[in-house]
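Data file: my_file_16.cif. Format and content: mmCIF, C-alpha atoms and all ligand atoms.
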```cif
data_target
#
loop_
_atom_site.label_atom_id
_atom_site.label_comp_id
_atom_site.auth_asym_id
_atom_site.auth_seq_id
_atom_site.Cartn_x
_atom_site.Cartn_y
_atom_site.Cartn_z
CA MET A 829 0.00 0.00 0.00
CA LYS A 830 2.88 2.36 0.76
CA GLU A 831 4.23 1.72 -2.74
CA GLN A 832 0.84 2.53 -4.17
CA ILE A 833 0.84 5.84 -2.28
CA GLU A 834 4.24 6.73 -3.68
CA ARG A 835 3.17 5.81 -7.19
CA ILE A 836 0.14 8.08 -6.99
CA ARG A 837 2.27 10.88 -5.54
CA ALA A 838 4.71 10.55 -8.47
CA GLU A 839 1.85 10.36 -10.93
CA PHE A 840 0.34 13.55 -9.48
CA GLN A 841 3.59 15.43 -9.57
CA LYS A 842 4.14 14.57 -13.20
CA ALA A 843 0.59 15.57 -14.13
CA LEU A 844 0.88 18.80 -12.14
CA ALA A 845 4.02 19.83 -14.01
CA GLY A 846 2.13 19.57 -17.29
CA ALA A 847 -1.00 21.39 -16.12
CA ASP A 848 -0.75 25.11 -16.90
CA THR A 849 -4.33 26.28 -17.23
CA PRO A 850 -7.00 26.63 -14.57
CA GLU A 851 -9.07 24.04 -16.45
CA ALA A 852 -6.26 21.46 -16.37
CA LEU A 853 -5.80 22.00 -12.63
CA ASP A 854 -9.51 21.50 -12.12
CA GLN A 855 -9.33 18.18 -13.95
CA LEU A 856 -6.44 17.12 -11.72
CA ARG A 857 -8.44 17.99 -8.63
CA VAL A 858 -11.31 15.76 -9.77
CA GLN A 859 -8.90 13.02 -10.80
CA PHE A 860 -7.09 12.91 -7.48
CA LEU A 861 -9.35 14.42 -4.82
CA GLY A 862 -12.83 13.82 -6.29
CA ARG A 863 -15.32 11.34 -4.85
CA LYS A 864 -14.08 8.65 -7.19
CA GLY A 865 -10.57 10.04 -7.24
CA LYS A 866 -7.32 8.17 -6.58
CA VAL A 867 -6.82 9.47 -3.04
CA GLN A 868 -10.36 8.54 -2.11
CA GLN A 869 -9.75 5.01 -3.43
CA LEU A 870 -6.69 4.73 -1.21
CA LEU A 871 -8.75 5.78 1.81
CA ARG A 872 -11.32 3.17 0.95
CA GLY A 873 -8.53 0.55 0.68
CA LEU A 874 -7.56 1.19 4.33
CA GLY A 875 -10.38 -1.08 5.48
CA GLN A 876 -8.68 -4.14 4.01
CA LEU A 877 -5.45 -3.57 5.98
CA PRO A 878 -4.74 -5.35 9.23
CA PRO A 879 -5.92 -3.06 12.09
CA GLU A 880 -2.44 -2.38 13.43
CA GLN A 881 -1.24 -0.95 10.08
CA ARG A 882 -4.26 1.31 9.54
CA PRO A 883 -3.16 4.35 11.64
CA GLU A 884 0.24 4.63 9.98
CA VAL A 885 -0.97 4.12 6.39
CA GLY A 886 -3.97 6.39 7.14
CA ARG A 887 -1.55 9.18 8.12
CA LEU A 888 0.38 8.67 4.87
CA VAL A 889 -2.76 8.88 2.74
CA ASN A 890 -3.92 12.00 4.61
CA ALA A 891 -0.50 13.55 4.10
CA LEU A 892 -0.74 12.80 0.36
CA ARG A 893 -4.23 14.38 0.25
CA ASP A 894 -2.96 17.55 2.01
CA GLN A 895 0.02 17.72 -0.29
CA VAL A 896 -2.15 17.43 -3.42
CA GLN A 897 -4.53 20.07 -2.10
CA GLN A 898 -1.71 22.44 -1.26
CA ALA A 899 0.12 21.91 -4.54
CA LEU A 900 -3.04 22.52 -6.56
CA LYS A 901 -3.74 25.70 -4.59
CA GLU A 902 -0.24 27.05 -5.08
CA LYS A 903 -0.15 26.29 -8.76
CA LYS A 904 -3.53 27.91 -9.27
CA ALA A 905 -2.32 31.07 -7.54
CA SER A 906 0.80 31.11 -9.69
CA LEU A 907 -1.34 30.97 -12.87
CA LYS A 908 -3.56 33.89 -11.95
CA PRO A 909 -1.54 36.84 -13.20
CA ALA A 910 -1.33 35.40 -16.69
CA VAL A 911 -3.73 37.14 -19.06
CA PRO A 912 -6.53 34.81 -20.09
CA ARG A 913 -6.37 34.56 -23.84
CA GLU A 914 -9.83 35.88 -24.60
CA TRP A 915 -9.02 39.19 -22.87
CA LEU A 916 -7.13 40.68 -25.72
CA ASP A 917 -8.16 39.91 -29.27
CA LEU A 918 -5.59 41.61 -31.44
CA THR A 919 -7.57 40.74 -34.56
CA LEU A 920 -10.52 42.97 -33.59
CA PRO A 921 -10.79 46.21 -35.56
CA GLY A 922 -9.94 49.26 -33.42
CA ARG A 923 -12.60 51.50 -31.91
CA LYS A 924 -12.52 54.91 -33.56
CA PRO A 925 -12.80 57.88 -31.20
CA PRO A 926 -15.27 60.42 -32.59
CA VAL A 927 -13.42 63.08 -34.59
CA GLY A 928 -14.22 66.73 -33.87
CA LYS A 929 -14.85 69.34 -36.53
CA LYS A 930 -14.30 73.03 -36.85
CA HIS A 931 -17.29 75.16 -35.96
CA PRO A 932 -18.90 76.58 -39.15
CA LEU A 933 -17.98 80.11 -38.02
CA THR A 934 -14.35 79.04 -37.65
CA GLN A 935 -14.41 77.46 -41.10
CA VAL A 936 -15.67 80.69 -42.67
CA LEU A 937 -13.26 82.76 -40.62
CA ASP A 938 -10.37 80.59 -41.83
CA GLU A 939 -11.44 81.26 -45.42
CA ILE A 940 -11.70 85.01 -44.82
CA LYS A 941 -8.29 85.07 -43.16
CA ALA A 942 -6.69 83.07 -45.97
CA PHE A 943 -8.05 85.50 -48.57
CA PHE A 944 -6.56 88.55 -46.87
CA VAL A 945 -3.33 86.95 -45.71
CA GLN A 946 -2.62 85.98 -49.34
CA ARG A 947 -2.92 89.69 -50.17
CA GLY A 948 -0.39 90.86 -47.63
CA PHE A 949 -2.64 91.53 -44.63
CA THR A 950 -1.67 90.36 -41.16
CA VAL A 951 -4.12 89.30 -38.45
CA ALA A 952 -4.43 91.70 -35.50
CA ASP A 953 -6.17 91.28 -32.19
CA GLY A 954 -7.73 93.52 -29.54
CA PRO A 955 -9.59 93.24 -26.24
CA GLU A 956 -13.33 92.51 -26.08
CA VAL A 957 -13.64 94.63 -22.95
CA GLU A 958 -12.71 98.01 -24.36
CA THR A 959 -12.49 101.58 -23.19
CA ASP A 960 -14.86 104.26 -24.36
CA TYR A 961 -11.90 105.97 -25.95
CA TYR A 962 -11.02 103.14 -28.36
CA ASN A 963 -14.56 102.02 -29.05
CA PHE A 964 -15.89 105.54 -29.72
CA GLU A 965 -13.82 108.66 -29.09
CA ALA A 966 -10.79 107.85 -31.20
CA LEU A 967 -13.13 106.67 -33.96
CA ASN A 968 -14.57 110.16 -34.18
CA ILE A 969 -17.68 109.32 -32.15
CA PRO A 970 -17.68 111.90 -29.33
CA ARG A 971 -19.77 111.52 -26.17
CA ASN A 972 -23.34 112.73 -26.55
CA HIS A 973 -23.00 112.61 -30.32
CA PRO A 974 -26.09 111.13 -32.02
CA ALA A 975 -23.84 108.62 -33.82
CA ARG A 976 -23.56 106.73 -30.51
CA ASP A 977 -27.13 105.63 -31.06
CA MET A 978 -26.12 103.63 -34.16
CA GLN A 979 -25.11 100.82 -31.82
CA ASP A 980 -26.80 99.64 -28.64
CA THR A 981 -23.91 99.49 -26.24
CA LEU A 982 -23.39 97.30 -23.18
CA TYR A 983 -21.63 99.51 -20.66
CA ILE A 984 -19.61 98.06 -17.79
CA THR A 985 -18.82 101.45 -16.32
CA GLN A 986 -19.15 104.90 -17.86
CA ASP A 987 -15.73 104.48 -19.45
CA ILE A 988 -15.60 100.75 -20.12
CA VAL A 989 -17.76 98.90 -22.63
CA LEU A 990 -18.04 95.52 -24.27
CA ARG A 991 -16.78 96.49 -27.70
CA THR A 992 -19.63 97.04 -30.12
CA HIS A 993 -17.46 96.51 -33.19
CA THR A 994 -13.93 95.48 -34.14
CA SER A 995 -13.10 99.01 -35.34
CA PRO A 996 -11.22 99.90 -32.10
CA VAL A 997 -8.50 97.46 -33.20
CA GLN A 998 -7.78 99.92 -36.05
CA ILE A 999 -6.82 102.52 -33.46
CA ARG A 1000 -4.72 100.14 -31.37
CA VAL A 1001 -2.77 98.98 -34.43
CA MET A 1002 -2.16 102.49 -35.77
CA GLU A 1003 -1.01 103.68 -32.35
CA SER A 1004 1.58 100.92 -32.26
CA GLN A 1005 3.04 101.20 -35.75
CA GLN A 1006 3.72 103.60 -38.58
CA PRO A 1007 2.30 103.15 -42.11
CA PRO A 1008 2.13 101.12 -44.23
CA VAL A 1009 -0.57 99.19 -42.35
CA ARG A 1010 -2.46 96.27 -43.79
CA ILE A 1011 -4.40 94.30 -41.17
CA ILE A 1012 -7.59 92.41 -40.57
CA ALA A 1013 -8.97 92.05 -37.04
CA PRO A 1014 -11.42 89.23 -36.49
CA GLY A 1015 -13.27 88.91 -33.20
CA ARG A 1016 -16.38 88.85 -31.10
CA VAL A 1017 -18.48 91.97 -30.58
CA TYR A 1018 -21.43 92.75 -28.30
CA ARG A 1019 -24.68 94.69 -28.65
CA ARG A 1020 -27.66 95.19 -26.41
CA ASP A 1021 -30.08 93.24 -28.62
CA THR A 1022 -32.86 90.78 -27.89
CA PRO A 1023 -31.97 87.47 -29.56
CA ASP A 1024 -34.05 86.40 -32.55
CA ALA A 1025 -33.35 84.68 -35.86
CA SER A 1026 -31.14 87.53 -37.06
CA HIS A 1027 -29.95 89.11 -33.78
CA SER A 1028 -27.66 87.88 -31.06
CA PRO A 1029 -26.21 89.89 -28.15
CA PHE A 1030 -22.81 88.84 -29.42
CA PHE A 1031 -21.60 88.04 -32.91
CA HIS A 1032 -18.42 88.19 -34.98
CA GLN A 1033 -16.85 90.77 -37.22
CA VAL A 1034 -13.72 91.08 -39.27
CA GLU A 1035 -12.31 94.57 -39.46
CA GLY A 1036 -10.02 95.52 -42.32
CA LEU A 1037 -7.61 98.44 -42.54
CA CYS A 1038 -5.14 99.46 -45.20
CA VAL A 1039 -3.13 102.69 -44.85
CA ASP A 1040 -0.31 103.91 -47.06
CA ARG A 1041 0.56 106.70 -49.45
CA GLY A 1042 -1.91 106.80 -52.32
CA VAL A 1043 -4.46 104.20 -51.15
CA SER A 1044 -7.64 104.92 -53.11
CA PHE A 1045 -11.35 104.32 -53.02
CA GLY A 1046 -10.82 102.13 -56.09
CA ASP A 1047 -8.54 99.84 -54.04
CA LEU A 1048 -11.34 99.41 -51.51
CA LYS A 1049 -13.95 98.57 -54.14
CA ALA A 1050 -11.57 96.16 -55.85
CA ILE A 1051 -10.69 94.14 -52.77
CA ILE A 1052 -14.31 93.81 -51.63
CA SER A 1053 -15.44 92.74 -55.10
CA GLU A 1054 -12.67 90.18 -55.33
CA PHE A 1055 -13.52 88.91 -51.88
CA ALA A 1056 -17.18 88.38 -52.87
CA ARG A 1057 -16.19 86.41 -55.97
CA GLU A 1058 -13.66 84.30 -54.12
CA LEU A 1059 -16.05 83.37 -51.33
CA PHE A 1060 -19.30 82.92 -53.27
CA GLY A 1061 -18.40 82.54 -56.95
CA GLU A 1062 -17.51 84.50 -60.07
CA ASP A 1063 -21.11 85.54 -60.77
CA ILE A 1064 -21.57 87.36 -57.45
CA HIS A 1065 -21.50 91.14 -57.89
CA VAL A 1066 -21.11 93.80 -55.24
CA ARG A 1067 -23.22 96.92 -54.85
CA PHE A 1068 -21.86 99.98 -53.03
CA ARG A 1069 -24.33 102.44 -51.47
CA PRO A 1070 -23.47 105.81 -49.96
CA SER A 1071 -23.76 105.75 -46.19
CA PHE A 1072 -22.40 107.33 -43.05
CA PHE A 1073 -19.90 106.17 -40.45
CA PRO A 1074 -18.13 108.70 -38.22
CA PHE A 1075 -14.73 107.05 -38.78
CA THR A 1076 -14.81 107.05 -42.59
CA GLU A 1077 -15.31 109.76 -45.17
CA PRO A 1078 -16.74 109.01 -47.64
CA SER A 1079 -18.57 106.00 -46.21
CA LEU A 1080 -20.49 103.26 -47.93
CA GLU A 1081 -22.41 100.12 -47.25
CA TYR A 1082 -21.91 97.15 -49.51
CA ASP A 1083 -24.22 94.37 -50.60
CA PHE A 1084 -23.51 91.07 -52.35
CA ASN A 1085 -25.80 89.46 -54.90
CA CYS A 1086 -28.09 87.10 -53.03
CA VAL A 1087 -26.23 83.79 -53.03
CA PHE A 1088 -29.48 81.78 -53.13
CA CYS A 1089 -31.00 83.26 -56.31
CA ARG A 1090 -27.67 84.67 -57.61
CA GLY A 1091 -29.30 88.11 -57.96
CA LYS A 1092 -32.60 87.19 -59.62
CA GLY A 1093 -34.75 87.91 -56.57
CA CYS A 1094 -36.17 85.37 -54.13
CA ARG A 1095 -37.86 85.06 -50.75
CA VAL A 1096 -34.58 85.17 -48.82
CA CYS A 1097 -33.50 88.51 -50.32
CA LYS A 1098 -37.09 89.81 -50.36
CA GLN A 1099 -37.01 89.86 -54.18
CA THR A 1100 -34.25 92.50 -54.25
CA GLY A 1101 -31.45 90.22 -55.45
CA TRP A 1102 -29.10 91.77 -52.87
CA MET A 1103 -27.89 90.97 -49.37
CA GLU A 1104 -26.42 93.59 -47.03
CA ILE A 1105 -22.97 92.67 -45.77
CA SER A 1106 -21.50 95.64 -43.88
CA GLY A 1107 -19.92 99.09 -44.08
CA ALA A 1108 -16.65 100.53 -45.34
CA GLY A 1109 -15.04 103.77 -46.42
CA MET A 1110 -11.94 105.93 -46.54
CA VAL A 1111 -10.41 106.51 -43.12
CA ASP A 1112 -11.58 109.87 -41.74
CA PRO A 1113 -8.73 112.44 -41.24
CA ASN A 1114 -9.91 112.86 -37.65
CA VAL A 1115 -9.07 109.21 -36.98
CA PHE A 1116 -5.58 109.71 -38.42
CA LYS A 1117 -5.14 112.74 -36.16
CA ALA A 1118 -6.15 110.70 -33.09
CA VAL A 1119 -3.31 108.22 -33.75
CA GLY A 1120 -0.76 110.78 -34.93
CA TYR A 1121 -0.71 109.93 -38.66
CA ASP A 1122 -0.46 112.86 -41.05
CA PRO A 1123 -3.64 112.90 -43.20
CA ASP A 1124 -1.86 115.03 -45.78
CA ILE A 1125 0.57 112.20 -46.45
CA TYR A 1126 -1.45 109.06 -45.89
CA THR A 1127 -4.82 107.76 -47.02
CA GLY A 1128 -6.47 104.49 -46.18
CA TYR A 1129 -9.57 102.40 -46.47
CA ALA A 1130 -11.38 100.49 -43.74
CA PHE A 1131 -14.16 97.95 -43.85
CA GLY A 1132 -16.18 95.76 -41.57
CA MET A 1133 -17.86 92.44 -42.27
CA GLY A 1134 -20.21 90.24 -40.31
CA VAL A 1135 -18.79 86.73 -40.06
CA ASP A 1136 -22.03 85.22 -38.80
CA ARG A 1137 -23.98 86.71 -41.67
CA ILE A 1138 -21.47 85.49 -44.26
CA ALA A 1139 -21.55 82.00 -42.72
CA MET A 1140 -25.36 82.02 -42.80
CA LEU A 1141 -25.27 82.88 -46.51
CA LYS A 1142 -22.58 80.34 -47.26
CA PHE A 1143 -24.28 77.43 -45.54
CA GLY A 1144 -27.91 78.50 -45.98
CA ILE A 1145 -28.56 78.88 -42.25
CA ASP A 1146 -31.65 80.89 -41.34
CA ASP A 1147 -31.15 81.46 -37.60
CA ILE A 1148 -28.04 83.04 -36.08
CA ARG A 1149 -28.79 81.48 -32.68
CA LEU A 1150 -27.91 78.03 -34.06
CA PHE A 1151 -24.23 79.04 -34.04
CA PHE A 1152 -24.22 79.50 -30.30
CA GLU A 1153 -26.36 76.63 -29.02
CA ASN A 1154 -23.69 73.97 -29.65
CA ASP A 1155 -26.24 71.36 -30.67
CA LEU A 1156 -24.17 68.52 -32.16
CA ARG A 1157 -26.97 67.63 -34.58
CA PHE A 1158 -26.43 71.08 -36.10
CA LEU A 1159 -22.64 71.23 -35.85
CA ASN A 1160 -22.10 67.78 -37.37
CA GLN A 1161 -23.59 68.95 -40.67
CA PHE A 1162 -20.59 71.13 -41.55
N1 LIG B 1201 -17.90 99.18 -37.28
C1 LIG B 1201 -19.05 99.18 -38.16
C2 LIG B 1201 -20.19 98.39 -37.50
O1 LIG B 1201 -19.97 97.63 -36.66
C3 LIG B 1201 -18.72 98.54 -39.47
C4 LIG B 1201 -17.76 99.34 -40.25
C5 LIG B 1201 -18.19 100.32 -41.11
C6 LIG B 1201 -16.42 99.14 -40.14
C7 LIG B 1201 -17.36 101.09 -41.84
C8 LIG B 1201 -15.52 99.91 -40.87
C9 LIG B 1201 -16.02 100.89 -41.73
O2 LIG B 1201 -14.22 99.73 -40.81
O3 LIG B 1201 -15.15 101.63 -42.43
O4 LIG B 1201 -21.29 98.53 -37.86
#
```
Could you spell out this file's structure in structure tokens?
Amino acid sequence: MKEQIERIRAEFQKALAGADTPEALDQLRVQFLGRKGKVQQLLRGLGQLPPEQRPEVGRLVNALRDQVQQALKEKKASLKPAVPREWLDLTLPGRKPPVGKKHPLTQVLDEIKAFFVQRGFTVADGPEVETDYYNFEALNIPRNHPARDMQDTLYITQDIVLRTHTSPVQIRVMESQQPPVRIIAPGRVYRRDTPDASHSPFFHQVEGLCVDRGVSFGDLKAIISEFARELFGEDIHVRFRPSFFPFTEPSLEYDFNCVFCRGKGCRVCKQTGWMEISGAGMVDPNVFKAVGYDPDIYTGYAFGMGVDRIAMLKFGIDDIRLFFENDLRFLNQF
């Protein structure tokens, strides 16, 4: 019987060495410790031994059972850290993270910037919280002048406003450099307006300014016409209408052919064939004086444009508020 015990011990050790999965260890446990297992058979065999041998052989069988139990437990623990195969299937296709997109306003702004940068303009920047001086005074809009009513202003204090237009960047740039100047200034502007399909308390403008010796009204008309064609197509014409802005003289407003009917007249343009874009003009000598440029030497043109409005035309969007609600169902379409 002792020989039998040793044989089973050897058999177990050999089997254990070859078992390297949890399943194989489980099989071994059934094979050796199960109800019909080899150790159990040994225990049953004890009954046939002479009584005086039973205690000693019984101890040996129990020792074998403990050893098998212990060895199985240790081996199982040693297998655990190994990664089960089904954890990592390298043949699966990867999961794609959703890819973001540029906001439609940013896309249009990029196009506008590219147009002017190609023509020698640089991009300038200014604060959105602006002083009365830059937003109005230096632009030839004195306090208590009726021209202040052209824009509904959000005042922070008597002297500090949320800028109502990007024109103050003109002043900041001219104060910091001598002519020639050729800049555009894109940015957010604020007005005291109740939001509706065509109004938002904040929106975006691009300011343009070109100052040098001999800059003419013709240069202004040419660059705006070229801009219209580049952005909307060769068949889009520009209409210039006389207007008034305190910081330009003469001043004009400019319209593009309606991009939906290409000038024929439709519901969107109220049958006129035209869409208002913004204002422009030749820089007023008073503005040059405010920044210390000599108006007898230099001339310049300036223009504004509404980025939101251009984006609405470009993409056929009929409500400006959609730009600011950040609804992904809207944004994903561009
Ligand atoms: N600042 C004007 C506005 O917000 C737009 C504008 C008009 C800008 C004429 C200009 C300009 O530079 O010359 O309504």
Contacts of stretch 961-972 of chain A at 7 Å or less, counting all atoms listed in the file, minus same-chain residues fewer than 6 places along, as a list in words?
-> Arg991, Pro996, Ile999, Pro1074, Phe1075, Asn1114, Val1115 and Ala1118 of chain A
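With all atoms listed in the file as the atoms that count, the minimum distance from ligand LIG 1201 (chain B) to the choices A:Arg837, A:Arg1090, A:Arg1016, A:Lys930 is reached by A:Arg1016.
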Of A:Pro1014, A:Gly1144, A:Pro1123, A:Gly1061, the one nearest to ligand LIG 1201 (chain B) when counting only C-alpha atoms and all ligand atoms is A:Pro1014
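Among A:Glu1153, A:Asp1122, A:Glu1035, A:Asp1021, the residue with the shortest atom-to-atom distance to ligand LIG 1201 (chain B), counting only C-alpha atoms and all ligand atoms, is A:Glu1035.
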Could you give me the residues within 10 Å of ligand LIG 1201 (chain B), counting only C-alpha atoms and all ligand atoms, as a ChimeraX atom specification?
-> /A:963,967,978-979,991-998,1012,1017-1019,1032-1037,1071-1082,1105-1112,1128-1134
Write a file of the just-selected residues containing C-alpha atoms, as an mmCIF file, in the coordinates of the input.
```cif
data_model
loop_
_atom_site.group_PDB
_atom_site.id
_atom_site.type_symbol
_atom_site.label_atom_id
_atom_site.label_comp_id
_atom_site.auth_asym_id
_atom_site.auth_seq_id
_atom_site.Cartn_x
_atom_site.Cartn_y
_atom_site.Cartn_z
ATOM 1 C CA ASN A 963 -14.560 102.020 -29.050
ATOM 2 C CA LEU A 967 -13.130 106.670 -33.960
ATOM 3 C CA MET A 978 -26.120 103.630 -34.160
ATOM 4 C CA GLN A 979 -25.110 100.820 -31.820
ATOM 5 C CA ARG A 991 -16.780 96.490 -27.700
ATOM 6 C CA THR A 992 -19.630 97.040 -30.120
ATOM 7 C CA HIS A 993 -17.460 96.510 -33.190
ATOM 8 C CA THR A 994 -13.930 95.480 -34.140
ATOM 9 C CA SER A 995 -13.100 99.010 -35.340
ATOM 10 C CA PRO A 996 -11.220 99.900 -32.100
ATOM 11 C CA VAL A 997 -8.500 97.460 -33.200
ATOM 12 C CA GLN A 998 -7.780 99.920 -36.050
ATOM 13 C CA ILE A 1012 -7.590 92.410 -40.570
ATOM 14 C CA VAL A 1017 -18.480 91.970 -30.580
ATOM 15 C CA TYR A 1018 -21.430 92.750 -28.300
ATOM 16 C CA ARG A 1019 -24.680 94.690 -28.650
ATOM 17 C CA HIS A 1032 -18.420 88.190 -34.980
ATOM 18 C CA GLN A 1033 -16.850 90.770 -37.220
ATOM 19 C CA VAL A 1034 -13.720 91.080 -39.270
ATOM 20 C CA GLU A 1035 -12.310 94.570 -39.460
ATOM 21 C CA GLY A 1036 -10.020 95.520 -42.320
ATOM 22 C CA LEU A 1037 -7.610 98.440 -42.540
ATOM 23 C CA SER A 1071 -23.760 105.750 -46.190
ATOM 24 C CA PHE A 1072 -22.400 107.330 -43.050
ATOM 25 C CA PHE A 1073 -19.900 106.170 -40.450
ATOM 26 C CA PRO A 1074 -18.130 108.700 -38.220
ATOM 27 C CA PHE A 1075 -14.730 107.050 -38.780
ATOM 28 C CA THR A 1076 -14.810 107.050 -42.590
ATOM 29 C CA GLU A 1077 -15.310 109.760 -45.170
ATOM 30 C CA PRO A 1078 -16.740 109.010 -47.640
ATOM 31 C CA SER A 1079 -18.570 106.000 -46.210
ATOM 32 C CA LEU A 1080 -20.490 103.260 -47.930
ATOM 33 C CA GLU A 1081 -22.410 100.120 -47.250
ATOM 34 C CA TYR A 1082 -21.910 97.150 -49.510
ATOM 35 C CA ILE A 1105 -22.970 92.670 -45.770
ATOM 36 C CA SER A 1106 -21.500 95.640 -43.880
ATOM 37 C CA GLY A 1107 -19.920 99.090 -44.080
ATOM 38 C CA ALA A 1108 -16.650 100.530 -45.340
ATOM 39 C CA GLY A 1109 -15.040 103.770 -46.420
ATOM 40 C CA MET A 1110 -11.940 105.930 -46.540
ATOM 41 C CA VAL A 1111 -10.410 106.510 -43.120
ATOM 42 C CA ASP A 1112 -11.580 109.870 -41.740
ATOM 43 C CA GLY A 1128 -6.470 104.490 -46.180
ATOM 44 C CA TYR A 1129 -9.570 102.400 -46.470
ATOM 45 C CA ALA A 1130 -11.380 100.490 -43.740
ATOM 46 C CA PHE A 1131 -14.160 97.950 -43.850
ATOM 47 C CA GLY A 1132 -16.180 95.760 -41.570
ATOM 48 C CA MET A 1133 -17.860 92.440 -42.270
ATOM 49 C CA GLY A 1134 -20.210 90.240 -40.310
#
```
Could you give me, as a PyMOL selection string, the residues that sit within 6 Å of (-24.0, 79.5, -52.8) in the file's coordinates, counting only C-alpha atoms?
-> chain A and resi 1060+1087-1088+1142
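For the set A:Glu831, A:Asp977, A:Arg1041, A:Lys1049, the residue with the smallest atom-to-atom gap to A:Arg1020 is A:Asp977, counting only C-alpha atoms.
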Nearby residues (only C-alpha atoms) at most 12 Å from stretch 873-878 of chain A, same-chain spacing under 5 positions excluded, as a PyMOL selection string | chain A and resi 829-830+832-833+866-868+883-890
Please provide as a ChimeraX atom specification all residues within 12 Å of stretch 1098-1102 of chain A, with the sequence filter that same-chain residues fewer than 2 positions apart are discarded (counting only C-alpha atoms).
-> /A:1064-1069,1082-1096,1104-1105,1141
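Every residue within 9 Å of the file position (0.2, 22.0, -13.3), judged by all atoms listed in the file, is given as Gln841, Lys842, Ala843, Leu844, Ala845, Gly846, Ala847, Asp848, Thr849, Pro850, Ala852, Leu853, Leu856, Ala899, Leu900, Lys903 and Lys904 of chain A.
Across the structure, atom CA of A:Asn1154 and atom CA of A:Pro932 are spaced 11.0 Å apart.
Picture a line from atom CA of A:Phe949 to atom CA of A:Gly1042; it runs 17.1 Å.
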Centre and size of axis-aligned box enclosing stretch 845-861 of chain A plus 6 Å each side, as JSON:
```
{"center_x": -3.6, "center_y": 19.8, "center_z": -11.1, "size_x": 27.3, "size_y": 25.7, "size_z": 24.5}
```
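What separates atom CA of A:Gly954 from atom CA of A:Arg1000 is a distance of 7.5 Å.
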Shortest contact to A:Val951, candidates A:Val1043, A:Leu861, A:Gln881, A:Ala1013, atoms counted all atoms listed in the file, goes to A:Ala1013
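Considering the residues A:Glu956, A:Asp987, A:Glu834, A:Asp854 and counting all atoms listed in the file, A:Leu870 has its shortest atom-to-atom contact with A:Glu834.
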